[in-house]
Amino acid sequence: MGRGKIQIKRIDNSTSRQVTFSKRRNGLLKKARELSILCDAEVGIIVFSSTGRLYEYCNTSMKSVIDRYKNTAKEEPPGSLEGWNEQKEPANLRHEMHNLQETNRQLTGEDLAGIDAKDLQNLENQLEASLKVIRVKKVQIV
């Protein structure tokens, strides 16, 4: 028996609302973790419950994600082409290339001097996930 569609509206029963919040919050955090590992995305999620309790997930530093968001939001709204010009594009590509090179150096074990324990743990998790994919592909080939 499959799940039925539910109508998206406020749940009146407080107990059911709390259970739904808890389950969906955990699902959201799980998806965020998977997105960050599978796609090497920088992810930050902040959730406040109706009681004001804070839940958060970040695969790097929440401060760096918020700062990056603020800088990006200042430049231009998401999805708009306003402010785009041909002179900014090479600079953006150079910046992106620099970030990719830095990530590559970290994945190969170089340039780990400025990384804290949490970031090292995230890097280890990414490498373990990559190893799993590689081993599966190897088994398929062999």
# chains A, B, ... in the order shown; residues from 1 in each chain; ligands from 1
>>> select_by_dssp(residues="chain A", states="strand (DSSP E or B)", output="PyMOL selection string")
chain A and resi 44-48+54-58
>>> write_last_selection(atoms="N, CA and C atoms", output="mmCIF file, in the first residue's frame")
data_model
loop_
_atom_site.group_PDB
_atom_site.id
_atom_site.type_symbol
_atom_site.label_atom_id
_atom_site.label_comp_id
_atom_site.auth_asym_id
_atom_site.auth_seq_id
_atom_site.Cartn_x
_atom_site.Cartn_y
_atom_site.Cartn_z
ATOM 1 N N GLY A 44 24.094 24.793 3.932
ATOM 2 C CA GLY A 44 23.811 25.267 5.280
ATOM 3 C C GLY A 44 22.311 25.397 5.457
ATOM 4 N N ILE A 45 21.777 24.781 6.517
ATOM 5 C CA ILE A 45 20.341 24.831 6.779
ATOM 6 C C ILE A 45 20.144 25.278 8.221
ATOM 7 N N ILE A 46 19.237 26.235 8.399
ATOM 8 C CA ILE A 46 18.859 26.705 9.735
ATOM 9 C C ILE A 46 17.356 26.551 9.851
ATOM 10 N N VAL A 47 16.908 25.864 10.911
ATOM 11 C CA VAL A 47 15.476 25.652 11.141
ATOM 12 C C VAL A 47 15.165 26.028 12.591
ATOM 13 N N PHE A 48 14.137 26.851 12.771
ATOM 14 C CA PHE A 48 13.637 27.150 14.102
ATOM 15 C C PHE A 48 12.281 26.476 14.251
ATOM 16 N N LEU A 54 16.494 25.845 17.924
ATOM 17 C CA LEU A 54 17.311 25.938 16.724
ATOM 18 C C LEU A 54 17.837 24.563 16.319
ATOM 19 N N TYR A 55 17.712 24.254 15.030
ATOM 20 C CA TYR A 55 18.315 23.055 14.444
ATOM 21 C C TYR A 55 19.101 23.535 13.235
ATOM 22 N N GLU A 56 20.300 23.023 13.060
ATOM 23 C CA GLU A 56 21.095 23.453 11.925
ATOM 24 C C GLU A 56 21.967 22.324 11.409
ATOM 25 N N TYR A 57 22.325 22.449 10.144
ATOM 26 C CA TYR A 57 23.280 21.539 9.524
ATOM 27 C C TYR A 57 24.149 22.362 8.588
ATOM 28 N N CYS A 58 25.413 22.085 8.611
ATOM 29 C CA CYS A 58 26.333 22.735 7.685
ATOM 30 C C CYS A 58 27.491 21.787 7.444
#
>>> residues_around(residues="range 11-18 of chain A", least_positions_apart="4", cutoff="10 Å", atoms="only C-alpha atoms", output="list in words")
Gln7, Ser22, Lys23, Arg24, Ser49 and Ser50 of chain A
>>> residues_around(residues="Leu123 in chain A", least_positions_apart="2", cutoff="12 Å", atoms="only C-alpha atoms", output="list of chain:residue names")
A:Ser36, A:Ile37, A:Asp40, A:Asn59, A:Thr60, A:Thr103, A:Asn104, A:Arg105, A:Gln106, A:Leu107, A:Thr108, A:Gly109, A:Leu112, A:Ile115, A:Asp116, A:Ala117, A:Lys118, A:Asp119, A:Leu120, A:Gln121, A:Asn125, A:Gln126, A:Leu127, A:Glu128, A:Ala129, A:Ser130
>>> atom_distance(atom1="CA of Val19 in chain A", atom2="CA of Arg33 in chain A")
21.3 Å
>>> select_by_dssp(residues="range 35-77 of chain A", states="helix (DSSP H, G or I)", output="list in words")
Leu35, Ser36, Ile37, Leu38, Cys39, Met62, Lys63, Ser64, Val65, Ile66, Asp67, Arg68, Tyr69, Lys70, Asn71, Thr72, Ala73, Lys74 and Glu75 of chain A
